[in-house]
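Chemist: See work17.cif below, with mmCIF, C-alpha atoms.
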data_data
#
loop_
_atom_site.group_PDB
_atom_site.id
_atom_site.type_symbol
_atom_site.label_atom_id
_atom_site.label_comp_id
_atom_site.auth_asym_id
_atom_site.auth_seq_id
_atom_site.Cartn_x
_atom_site.Cartn_y
_atom_site.Cartn_z
ATOM 1 C CA MET A 60 -91.813 15.442 23.601
ATOM 2 C CA ASN A 61 -93.844 18.037 21.705
ATOM 3 C CA LYS A 62 -97.225 19.207 23.014
ATOM 4 C CA LEU A 63 -99.877 20.972 20.963
ATOM 5 C CA VAL A 64 -102.865 22.428 22.843
ATOM 6 C CA LEU A 65 -106.001 23.187 20.845
ATOM 7 C CA LEU A 66 -108.480 25.489 22.561
ATOM 8 C CA ARG A 67 -111.890 26.227 21.121
ATOM 9 C CA HIS A 68 -112.825 29.770 22.121
ATOM 10 C CA GLY A 69 -115.111 30.264 25.102
ATOM 11 C CA GLU A 70 -118.837 30.573 24.550
ATOM 12 C CA SER A 71 -119.620 33.549 22.314
ATOM 13 C CA ILE A 72 -122.674 35.779 22.440
ATOM 14 C CA TRP A 73 -124.048 33.994 19.355
ATOM 15 C CA ASN A 74 -123.227 30.573 20.818
ATOM 16 C CA LYS A 75 -125.399 31.611 23.744
ATOM 17 C CA GLU A 76 -128.172 32.699 21.345
ATOM 18 C CA ASN A 77 -127.735 29.446 19.347
ATOM 19 C CA ARG A 78 -126.911 31.295 16.124
ATOM 20 C CA PHE A 79 -124.662 30.266 13.234
ATOM 21 C CA THR A 80 -121.624 32.514 13.517
ATOM 22 C CA GLY A 81 -118.961 31.552 10.975
ATOM 23 C CA TRP A 82 -116.846 34.562 9.992
ATOM 24 C CA THR A 83 -119.157 37.016 11.756
ATOM 25 C CA ASP A 84 -117.098 38.772 14.422
ATOM 26 C CA VAL A 85 -118.858 38.472 17.774
ATOM 27 C CA ASP A 86 -117.385 38.627 21.266
ATOM 28 C CA LEU A 87 -117.427 36.237 24.215
ATOM 29 C CA SER A 88 -120.376 35.900 26.565
ATOM 30 C CA GLU A 89 -119.863 36.131 30.319
ATOM 31 C CA ARG A 90 -119.712 32.350 30.403
ATOM 32 C CA GLY A 91 -117.123 32.412 27.617
ATOM 33 C CA ILE A 92 -114.945 34.784 29.625
ATOM 34 C CA ARG A 93 -115.121 32.404 32.581
ATOM 35 C CA GLU A 94 -114.294 29.417 30.371
ATOM 36 C CA ALA A 95 -111.215 31.110 28.900
ATOM 37 C CA THR A 96 -110.058 32.189 32.335
ATOM 38 C CA GLU A 97 -110.470 28.677 33.723
ATOM 39 C CA ALA A 98 -108.598 27.227 30.731
ATOM 40 C CA GLY A 99 -105.644 29.454 31.590
ATOM 41 C CA LYS A 100 -105.700 28.373 35.220
ATOM 42 C CA THR A 101 -105.829 24.711 34.183
ATOM 43 C CA LEU A 102 -102.955 25.021 31.734
ATOM 44 C CA LYS A 103 -100.836 26.850 34.304
ATOM 45 C CA ALA A 104 -101.560 24.175 36.909
ATOM 46 C CA GLU A 105 -100.536 21.508 34.378
ATOM 47 C CA GLY A 106 -97.163 23.209 33.979
ATOM 48 C CA PHE A 107 -97.462 24.501 30.410
ATOM 49 C CA GLN A 108 -95.089 27.325 29.529
ATOM 50 C CA PHE A 109 -95.917 28.340 25.972
ATOM 51 C CA ARG A 110 -93.381 30.425 24.064
ATOM 52 C CA VAL A 111 -95.631 31.069 21.059
ATOM 53 C CA ALA A 112 -99.352 30.941 20.269
ATOM 54 C CA TYR A 113 -101.682 31.081 17.270
ATOM 55 C CA THR A 114 -105.185 32.380 16.759
ATOM 56 C CA SER A 115 -107.628 33.501 14.086
ATOM 57 C CA TYR A 116 -108.711 36.977 12.944
ATOM 58 C CA LEU A 117 -111.916 36.757 14.993
ATOM 59 C CA THR A 118 -112.424 38.492 18.340
ATOM 60 C CA ARG A 119 -113.851 35.536 20.251
ATOM 61 C CA ALA A 120 -110.723 33.446 19.604
ATOM 62 C CA ILE A 121 -108.331 36.360 20.168
ATOM 63 C CA ARG A 122 -109.949 37.331 23.465
ATOM 64 C CA THR A 123 -109.968 33.694 24.607
ATOM 65 C CA LEU A 124 -106.240 33.574 23.948
ATOM 66 C CA TRP A 125 -105.630 36.814 25.845
ATOM 67 C CA LEU A 126 -107.617 35.668 28.868
ATOM 68 C CA THR A 127 -105.908 32.274 28.858
ATOM 69 C CA LEU A 128 -102.402 33.716 28.567
ATOM 70 C CA GLU A 129 -103.185 36.332 31.223
ATOM 71 C CA GLN A 130 -103.861 33.584 33.760
ATOM 72 C CA MET A 131 -100.587 31.943 32.775
ATOM 73 C CA ASP A 132 -98.506 35.160 32.999
ATOM 74 C CA ARG A 133 -97.744 34.667 29.304
ATOM 75 C CA LEU A 134 -99.247 37.763 27.669
ATOM 76 C CA TRP A 135 -95.747 38.676 26.505
ATOM 77 C CA ILE A 136 -95.244 35.754 24.119
ATOM 78 C CA PRO A 137 -95.447 36.174 20.310
ATOM 79 C CA VAL A 138 -98.956 35.575 18.920
ATOM 80 C CA TYR A 139 -99.511 34.819 15.245
ATOM 81 C CA LYS A 140 -102.919 35.607 13.761
ATOM 82 C CA THR A 141 -104.144 34.030 10.532
ATOM 83 C CA TRP A 142 -107.431 33.912 8.637
ATOM 84 C CA ARG A 143 -106.671 30.243 7.998
ATOM 85 C CA LEU A 144 -107.682 29.493 11.595
ATOM 86 C CA ASN A 145 -111.045 31.250 11.159
ATOM 87 C CA GLU A 146 -114.248 29.310 11.726
ATOM 88 C CA LYS A 147 -115.894 27.582 8.782
ATOM 89 C CA HIS A 148 -117.878 30.120 6.765
ATOM 90 C CA TYR A 149 -121.590 29.362 7.110
ATOM 91 C CA GLY A 150 -122.790 31.332 4.098
ATOM 92 C CA THR A 151 -126.380 32.567 4.281
ATOM 93 C CA LEU A 152 -126.895 30.717 7.590
ATOM 94 C CA GLN A 153 -124.726 33.224 9.464
ATOM 95 C CA GLY A 154 -126.831 35.014 12.057
ATOM 96 C CA LEU A 155 -129.718 32.525 11.881
ATOM 97 C CA ASN A 156 -130.942 30.624 14.932
ATOM 98 C CA LYS A 157 -129.970 26.957 14.628
ATOM 99 C CA SER A 158 -133.179 25.518 16.055
ATOM 100 C CA GLU A 159 -135.343 27.729 13.833
ATOM 101 C CA THR A 160 -133.245 26.674 10.835
ATOM 102 C CA VAL A 161 -133.908 23.033 11.736
ATOM 103 C CA GLU A 162 -137.636 23.755 11.860
ATOM 104 C CA LYS A 163 -137.407 25.126 8.319
ATOM 105 C CA TYR A 164 -135.004 22.696 6.636
ATOM 106 C CA GLY A 165 -135.072 19.558 8.836
ATOM 107 C CA ASP A 166 -132.588 17.873 11.170
ATOM 108 C CA GLN A 167 -130.667 15.975 8.521
ATOM 109 C CA GLN A 168 -130.087 18.906 6.195
ATOM 110 C CA VAL A 169 -128.885 21.171 8.999
ATOM 111 C CA LEU A 170 -126.646 18.414 10.375
ATOM 112 C CA LEU A 171 -125.036 18.125 6.937
ATOM 113 C CA TRP A 172 -124.481 21.872 6.774
ATOM 114 C CA ARG A 173 -123.039 21.943 10.301
ATOM 115 C CA ARG A 174 -120.933 18.823 10.473
ATOM 116 C CA SER A 175 -120.514 16.983 7.158
ATOM 117 C CA TYR A 176 -117.269 17.021 5.227
ATOM 118 C CA ASP A 177 -118.495 17.943 1.756
ATOM 119 C CA THR A 178 -121.818 19.812 2.020
ATOM 120 C CA PRO A 179 -121.551 23.626 2.330
ATOM 121 C CA PRO A 180 -124.455 25.865 3.361
ATOM 122 C CA PRO A 181 -125.977 28.146 0.688
ATOM 123 C CA PRO A 182 -123.430 30.833 -0.293
ATOM 124 C CA LEU A 183 -123.688 34.572 0.283
ATOM 125 C CA GLU A 184 -124.285 36.752 -2.740
ATOM 126 C CA GLU A 185 -121.292 38.851 -3.785
ATOM 127 C CA ASN A 186 -123.098 42.067 -2.819
ATOM 128 C CA ASP A 187 -124.287 40.781 0.562
ATOM 129 C CA PRO A 188 -122.928 43.154 3.259
ATOM 130 C CA ARG A 189 -122.003 40.083 5.317
ATOM 131 C CA HIS A 190 -119.561 38.959 2.596
ATOM 132 C CA PRO A 191 -115.978 38.974 3.952
ATOM 133 C CA ARG A 192 -114.702 40.781 0.860
ATOM 134 C CA PHE A 193 -116.038 43.967 2.483
ATOM 135 C CA ASP A 194 -114.073 43.367 5.714
ATOM 136 C CA PRO A 195 -110.719 45.234 5.875
ATOM 137 C CA ARG A 196 -108.999 42.393 7.695
ATOM 138 C CA TYR A 197 -109.217 40.299 4.497
ATOM 139 C CA LYS A 198 -108.139 43.010 2.050
ATOM 140 C CA ASP A 199 -104.831 41.272 1.258
ATOM 141 C CA LEU A 200 -106.388 37.893 0.439
ATOM 142 C CA LYS A 201 -106.767 36.696 -3.119
ATOM 143 C CA PRO A 202 -110.386 36.625 -4.346
ATOM 144 C CA SER A 203 -110.141 32.829 -4.525
ATOM 145 C CA GLU A 204 -109.249 32.726 -0.812
ATOM 146 C CA ILE A 205 -112.291 34.680 0.370
ATOM 147 C CA PRO A 206 -115.231 32.302 0.897
ATOM 148 C CA ALA A 207 -118.937 32.958 0.447
ATOM 149 C CA THR A 208 -119.567 29.601 2.156
ATOM 150 C CA GLU A 209 -117.522 26.551 3.139
ATOM 151 C CA ALA A 210 -117.840 22.858 3.811
ATOM 152 C CA LEU A 211 -115.452 21.351 6.336
ATOM 153 C CA ARG A 212 -113.406 20.145 3.355
ATOM 154 C CA ASN A 213 -112.658 23.768 2.421
ATOM 155 C CA THR A 214 -111.663 24.549 6.000
ATOM 156 C CA VAL A 215 -109.312 21.550 6.030
ATOM 157 C CA GLU A 216 -107.792 22.652 2.723
ATOM 158 C CA ARG A 217 -106.862 26.050 4.130
ATOM 159 C CA ILE A 218 -105.677 24.923 7.568
ATOM 160 C CA VAL A 219 -103.643 21.769 6.852
ATOM 161 C CA PRO A 220 -100.954 23.538 4.759
ATOM 162 C CA TYR A 221 -100.613 26.104 7.558
ATOM 163 C CA TRP A 222 -100.192 23.285 10.061
ATOM 164 C CA GLN A 223 -97.564 21.602 7.885
ATOM 165 C CA ASP A 224 -95.565 24.697 6.937
ATOM 166 C CA GLU A 225 -95.916 26.851 10.060
ATOM 167 C CA ILE A 226 -97.415 25.437 13.266
ATOM 168 C CA SER A 227 -95.737 22.010 13.208
ATOM 169 C CA VAL A 228 -92.380 23.621 12.418
ATOM 170 C CA LYS A 229 -92.707 26.009 15.371
ATOM 171 C CA LEU A 230 -93.867 23.139 17.578
ATOM 172 C CA LYS A 231 -90.659 21.191 16.966
ATOM 173 C CA GLU A 232 -88.697 24.332 17.794
ATOM 174 C CA HIS A 233 -90.573 25.430 20.930
ATOM 175 C CA LYS A 234 -91.941 22.053 22.169
ATOM 176 C CA GLU A 235 -95.253 23.572 23.353
ATOM 177 C CA ILE A 236 -97.760 25.593 21.330
ATOM 178 C CA LEU A 237 -101.241 26.912 22.077
ATOM 179 C CA VAL A 238 -103.798 27.372 19.285
ATOM 180 C CA SER A 239 -106.955 29.309 20.148
ATOM 181 C CA ALA A 240 -109.466 28.952 17.336
ATOM 182 C CA HIS A 241 -112.909 27.623 16.437
ATOM 183 C CA GLY A 242 -114.964 24.453 16.409
ATOM 184 C CA ASN A 243 -114.517 23.671 12.729
ATOM 185 C CA SER A 244 -111.006 24.966 12.109
ATOM 186 C CA LEU A 245 -109.892 22.844 15.060
ATOM 187 C CA ARG A 246 -111.954 19.890 13.816
ATOM 188 C CA GLY A 247 -109.993 20.213 10.586
ATOM 189 C CA ILE A 248 -106.687 19.945 12.440
ATOM 190 C CA VAL A 249 -107.950 17.025 14.542
ATOM 191 C CA LYS A 250 -109.216 15.235 11.441
ATOM 192 C CA TYR A 251 -105.794 15.521 9.849
ATOM 193 C CA LEU A 252 -103.770 14.586 12.940
ATOM 194 C CA LYS A 253 -105.934 11.579 13.873
ATOM 195 C CA LYS A 254 -106.696 10.526 10.291
ATOM 196 C CA ILE A 255 -110.443 10.597 10.944
ATOM 197 C CA SER A 256 -112.546 9.577 7.961
ATOM 198 C CA ASN A 257 -114.878 11.952 6.145
ATOM 199 C CA GLU A 258 -117.813 9.956 7.508
ATOM 200 C CA ASP A 259 -116.684 9.788 11.151
ATOM 201 C CA ILE A 260 -115.756 13.461 11.467
ATOM 202 C CA ILE A 261 -119.461 14.343 11.571
ATOM 203 C CA ALA A 262 -119.633 12.934 15.131
ATOM 204 C CA LEU A 263 -116.784 15.034 16.540
ATOM 205 C CA ASN A 264 -118.015 17.893 18.750
ATOM 206 C CA LEU A 265 -115.446 20.095 20.491
ATOM 207 C CA PRO A 266 -116.530 21.810 23.721
ATOM 208 C CA THR A 267 -115.847 25.501 24.263
ATOM 209 C CA GLY A 268 -113.010 26.504 26.548
ATOM 210 C CA VAL A 269 -111.599 23.024 27.217
ATOM 211 C CA PRO A 270 -107.869 22.492 26.434
ATOM 212 C CA TYR A 271 -107.288 19.545 24.081
ATOM 213 C CA VAL A 272 -103.712 18.225 24.264
ATOM 214 C CA PHE A 273 -101.834 16.346 21.533
ATOM 215 C CA GLU A 274 -98.486 14.769 22.363
ATOM 216 C CA PHE A 275 -95.923 13.963 19.655
ATOM 217 C CA ASP A 276 -92.523 12.320 19.699
ATOM 218 C CA ASP A 277 -89.448 14.082 18.303
ATOM 219 C CA ASP A 278 -90.351 12.908 14.791
ATOM 220 C CA MET A 279 -93.856 14.364 15.172
ATOM 221 C CA ASN A 280 -95.583 11.002 15.385
ATOM 222 C CA LEU A 281 -98.786 11.355 17.413
ATOM 223 C CA LEU A 282 -98.504 9.506 20.709
ATOM 224 C CA ARG A 283 -101.795 10.355 22.415
ATOM 225 C CA ASP A 284 -104.463 13.046 22.738
ATOM 226 C CA TYR A 285 -106.685 13.988 25.680
ATOM 227 C CA PHE A 286 -108.821 16.772 27.138
ATOM 228 C CA LEU A 287 -107.839 18.504 30.367
ATOM 229 C CA GLY A 288 -110.688 18.417 32.858
ATOM 230 C CA ASP A 289 -113.339 16.232 34.421
ATOM 231 C CA PRO A 290 -114.408 13.586 31.837
ATOM 232 C CA GLU A 291 -118.070 13.730 32.867
ATOM 233 C CA VAL A 292 -118.193 17.507 32.604
ATOM 234 C CA ILE A 293 -116.499 17.358 29.192
ATOM 235 C CA ARG A 294 -118.949 14.698 27.989
ATOM 236 C CA LYS A 295 -121.884 16.933 28.930
ATOM 237 C CA LEU A 296 -120.287 19.910 27.186
ATOM 238 C CA MET A 297 -119.867 17.828 24.012
ATOM 239 C CA GLU A 298 -123.523 16.813 24.189
ATOM 240 C CA GLU A 299 -124.435 20.475 24.550
ATOM 241 C CA VAL A 300 -122.585 21.286 21.309
ATOM 242 C CA ALA A 301 -124.200 18.348 19.493
ATOM 243 C CA ASN A 302 -127.677 19.452 20.572
ATOM 244 C CA GLN A 303 -127.322 23.007 19.278
ATOM 245 C CA GLY A 304 -128.638 22.035 15.872
ATOM 246 C CA LYS A 305 -131.690 20.152 17.037
ATOM 247 C CA LYS A 306 -135.315 21.160 17.341
ATOM 248 C CA LYS A 307 -136.381 22.605 20.658
#
Translate the structure described by the file into structure tokens.
Modeler:
Amino acid sequence: MNKLVLLRHGESIWNKENRFTGWTDVDLSERGIREATEAGKTLKAEGFQFRVAYTSYLTRAIRTLWLTLEQMDRLWIPVYKTWRLNEKHYGTLQGLNKSETVEKYGDQQVLLWRRSYDTPPPPLEENDPRHPRFDPRYKDLKPSEIPATEALRNTVERIVPYWQDEISVKLKEHKEILVSAHGNSLRGIVKYLKKISNEDIIALNLPTGVPYVFEFDDDMNLLRDYFLGDPEVIRKLMEEVANQGKKK
């Protein structure tokens, strides 16, 4: 059996402040540090022994992975970083408070920007200092690969080939893999693996710091998927994520 564990990073400072983050590089909050640490303890207790892991180029996902692997005595394993696992780019919304944005644009519009498959937020201007083309970690990307905004569709288009050509191949080799990434890049993987429709994906909310396990047979057919933890606690955490984009 092959086991893939998806882990949304622990709460970030901007999660705590209810801000759109996207490709902005912010660190974990104190709660996020606790969540990542607890995820590592849970995975160790469940007997996982990862030999390889993946993460994005963003600090909150990288630090979550470090803290998780530290609890598992697995800091020594190879870690592959890729921009393809970055969060969805939120364009001009990055840095804005979600509730205040709802007050300005309305619940439905903000829900589309946050969760829909095809509707991207307004893009950054090319000369906006927040544009990732000014960030040295993306200097080797083609101009067409550097987003000024993204819909979930764009995130799926960059992550699915990486899943097919890299992660799934390593999973068959190593049997267990941990991916520490972001709400929308992980939603893109889940959408692909579970064949969720463009319409239904809007309702999927991934909690921070909760391991999400996918089990596959030797031919990489999905057998089942489940979160590790108390179902009632996880349900409340999902509701918390869903409510971030609502009026106060």
Chemist: Which residues would end up in the selection if the PyMOL selection byres ((chain A and resi 63-66) around 10) were applied here, given that I need the answer as a ChimeraX atom specification?
Modeler: /A:61-62,67-69,95,98,102,107,109,112-114,120,123-124,127,226-227,230,234-242,245-246,248-249,265-275,284-287
Chemist: Could you jot down the atom CA of A:Ile136 to atom CA of A:Arg119 separation for me, Å, one decimal place?
Modeler: 19.0 Å
Chemist: Evaluate the PyMOL selection byres ((chain A and resi 185) around 12) against this structure - the residues, as a PDB file with C-alpha atoms, keeping the file's coordinate frame, please.
Modeler:
ATOM      1  CA  GLY A 150    -122.790  31.332   4.098  1.00  0.00           C
ATOM      2  CA  THR A 151    -126.380  32.567   4.281  1.00  0.00           C
ATOM      3  CA  PRO A 182    -123.430  30.833  -0.293  1.00  0.00           C
ATOM      4  CA  LEU A 183    -123.688  34.572   0.283  1.00  0.00           C
ATOM      5  CA  GLU A 184    -124.285  36.752  -2.740  1.00  0.00           C
ATOM      6  CA  ASN A 186    -123.098  42.067  -2.819  1.00  0.00           C
ATOM      7  CA  ASP A 187    -124.287  40.781   0.562  1.00  0.00           C
ATOM      8  CA  PRO A 188    -122.928  43.154   3.259  1.00  0.00           C
ATOM      9  CA  ARG A 189    -122.003  40.083   5.317  1.00  0.00           C
ATOM     10  CA  HIS A 190    -119.561  38.959   2.596  1.00  0.00           C
ATOM     11  CA  PRO A 191    -115.978  38.974   3.952  1.00  0.00           C
ATOM     12  CA  ARG A 192    -114.702  40.781   0.860  1.00  0.00           C
ATOM     13  CA  PHE A 193    -116.038  43.967   2.483  1.00  0.00           C
ATOM     14  CA  PRO A 202    -110.386  36.625  -4.346  1.00  0.00           C
ATOM     15  CA  ILE A 205    -112.291  34.680   0.370  1.00  0.00           C
ATOM     16  CA  PRO A 206    -115.231  32.302   0.897  1.00  0.00           C
ATOM     17  CA  ALA A 207    -118.937  32.958   0.447  1.00  0.00           C
ATOM     18  CA  THR A 208    -119.567  29.601   2.156  1.00  0.00           C
TER      19      THR A 208
END
Chemist: So the first atom is atom CA of A:Ser71 and the second is atom CA of A:Glu298; what is the distance between them in Å, to one decimal place?
Modeler: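 We find that atom CA of A:Ser71 and atom CA of A:Glu298 lie 17.3 Å from each other.
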Chemist: Would you kindly place N, CA, C and O atoms on stretch 248-267 of chain A and return the model as a PDB file, keeping the file's coordinate frame?
Modeler:
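Contents of selection23.pdb, freshly written:
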ATOM      1  N   ILE A 248    -108.004  20.383  11.972  1.00  0.00           N
ATOM      2  CA  ILE A 248    -106.687  19.945  12.440  1.00  0.00           C
ATOM      3  C   ILE A 248    -106.776  18.553  13.054  1.00  0.00           C
ATOM      4  O   ILE A 248    -105.939  17.684  12.778  1.00  0.00           O
ATOM      5  N   VAL A 249    -107.795  18.339  13.891  1.00  0.00           N
ATOM      6  CA  VAL A 249    -107.950  17.025  14.542  1.00  0.00           C
ATOM      7  C   VAL A 249    -108.156  15.936  13.501  1.00  0.00           C
ATOM      8  O   VAL A 249    -107.583  14.840  13.603  1.00  0.00           O
ATOM      9  N   LYS A 250    -108.974  16.224  12.507  1.00  0.00           N
ATOM     10  CA  LYS A 250    -109.216  15.235  11.441  1.00  0.00           C
ATOM     11  C   LYS A 250    -107.903  14.818  10.786  1.00  0.00           C
ATOM     12  O   LYS A 250    -107.655  13.627  10.563  1.00  0.00           O
ATOM     13  N   TYR A 251    -107.074  15.794  10.499  1.00  0.00           N
ATOM     14  CA  TYR A 251    -105.794  15.521   9.849  1.00  0.00           C
ATOM     15  C   TYR A 251    -104.855  14.747  10.773  1.00  0.00           C
ATOM     16  O   TYR A 251    -104.267  13.735  10.378  1.00  0.00           O
ATOM     17  N   LEU A 252    -104.729  15.205  12.018  1.00  0.00           N
ATOM     18  CA  LEU A 252    -103.770  14.586  12.940  1.00  0.00           C
ATOM     19  C   LEU A 252    -104.158  13.157  13.304  1.00  0.00           C
ATOM     20  O   LEU A 252    -103.299  12.283  13.440  1.00  0.00           O
ATOM     21  N   LYS A 253    -105.469  12.900  13.451  1.00  0.00           N
ATOM     22  CA  LYS A 253    -105.934  11.579  13.873  1.00  0.00           C
ATOM     23  C   LYS A 253    -106.416  10.718  12.712  1.00  0.00           C
ATOM     24  O   LYS A 253    -106.872   9.600  12.926  1.00  0.00           O
ATOM     25  N   LYS A 254    -106.308  11.268  11.501  1.00  0.00           N
ATOM     26  CA  LYS A 254    -106.696  10.526  10.291  1.00  0.00           C
ATOM     27  C   LYS A 254    -108.150  10.036  10.390  1.00  0.00           C
ATOM     28  O   LYS A 254    -108.466   8.880  10.089  1.00  0.00           O
ATOM     29  N   ILE A 255    -109.023  10.921  10.830  1.00  0.00           N
ATOM     30  CA  ILE A 255    -110.443  10.597  10.944  1.00  0.00           C
ATOM     31  C   ILE A 255    -111.083  10.621   9.562  1.00  0.00           C
ATOM     32  O   ILE A 255    -110.822  11.522   8.761  1.00  0.00           O
ATOM     33  N   SER A 256    -111.927   9.674   9.292  1.00  0.00           N
ATOM     34  CA  SER A 256    -112.546   9.577   7.961  1.00  0.00           C
ATOM     35  C   SER A 256    -113.550  10.704   7.755  1.00  0.00           C
ATOM     36  O   SER A 256    -114.044  11.325   8.706  1.00  0.00           O
ATOM     37  N   ASN A 257    -113.879  10.936   6.485  1.00  0.00           N
ATOM     38  CA  ASN A 257    -114.878  11.952   6.145  1.00  0.00           C
ATOM     39  C   ASN A 257    -116.224  11.642   6.791  1.00  0.00           C
ATOM     40  O   ASN A 257    -116.977  12.554   7.145  1.00  0.00           O
ATOM     41  N   GLU A 258    -116.530  10.364   6.940  1.00  0.00           N
ATOM     42  CA  GLU A 258    -117.813   9.956   7.508  1.00  0.00           C
ATOM     43  C   GLU A 258    -117.828  10.109   9.034  1.00  0.00           C
ATOM     44  O   GLU A 258    -118.825  10.549   9.618  1.00  0.00           O
ATOM     45  N   ASP A 259    -116.726   9.772   9.687  1.00  0.00           N
ATOM     46  CA  ASP A 259    -116.684   9.788  11.151  1.00  0.00           C
ATOM     47  C   ASP A 259    -116.519  11.189  11.738  1.00  0.00           C
ATOM     48  O   ASP A 259    -116.882  11.420  12.894  1.00  0.00           O
ATOM     49  N   ILE A 260    -115.995  12.122  10.936  1.00  0.00           N
ATOM     50  CA  ILE A 260    -115.756  13.461  11.467  1.00  0.00           C
ATOM     51  C   ILE A 260    -117.064  14.149  11.853  1.00  0.00           C
ATOM     52  O   ILE A 260    -117.080  15.049  12.703  1.00  0.00           O
ATOM     53  N   ILE A 261    -118.163  13.715  11.281  1.00  0.00           N
ATOM     54  CA  ILE A 261    -119.461  14.343  11.571  1.00  0.00           C
ATOM     55  C   ILE A 261    -119.819  14.215  13.052  1.00  0.00           C
ATOM     56  O   ILE A 261    -120.564  15.035  13.595  1.00  0.00           O
ATOM     57  N   ALA A 262    -119.281  13.196  13.727  1.00  0.00           N
ATOM     58  CA  ALA A 262    -119.633  12.934  15.131  1.00  0.00           C
ATOM     59  C   ALA A 262    -118.736  13.668  16.124  1.00  0.00           C
ATOM     60  O   ALA A 262    -118.981  13.609  17.330  1.00  0.00           O
ATOM     61  N   LEU A 263    -117.709  14.360  15.637  1.00  0.00           N
ATOM     62  CA  LEU A 263    -116.784  15.034  16.540  1.00  0.00           C
ATOM     63  C   LEU A 263    -117.316  16.409  16.935  1.00  0.00           C
ATOM     64  O   LEU A 263    -117.507  17.285  16.084  1.00  0.00           O
ATOM     65  N   ASN A 264    -117.560  16.621  18.211  1.00  0.00           N
ATOM     66  CA  ASN A 264    -118.015  17.893  18.750  1.00  0.00           C
ATOM     67  C   ASN A 264    -117.011  18.381  19.787  1.00  0.00           C
ATOM     68  O   ASN A 264    -116.758  17.690  20.778  1.00  0.00           O
ATOM     69  N   LEU A 265    -116.447  19.551  19.568  1.00  0.00           N
ATOM     70  CA  LEU A 265    -115.446  20.095  20.491  1.00  0.00           C
ATOM     71  C   LEU A 265    -116.101  21.080  21.446  1.00  0.00           C
ATOM     72  O   LEU A 265    -116.747  22.039  21.015  1.00  0.00           O
ATOM     73  N   PRO A 266    -115.936  20.891  22.747  1.00  0.00           N
ATOM     74  CA  PRO A 266    -116.530  21.810  23.721  1.00  0.00           C
ATOM     75  C   PRO A 266    -115.783  23.133  23.765  1.00  0.00           C
ATOM     76  O   PRO A 266    -114.591  23.207  23.463  1.00  0.00           O
ATOM     77  N   THR A 267    -116.487  24.191  24.148  1.00  0.00           N
ATOM     78  CA  THR A 267    -115.847  25.501  24.263  1.00  0.00           C
ATOM     79  C   THR A 267    -115.010  25.574  25.538  1.00  0.00           C
ATOM     80  O   THR A 267    -115.397  25.087  26.594  1.00  0.00           O
TER      81      THR A 267
END
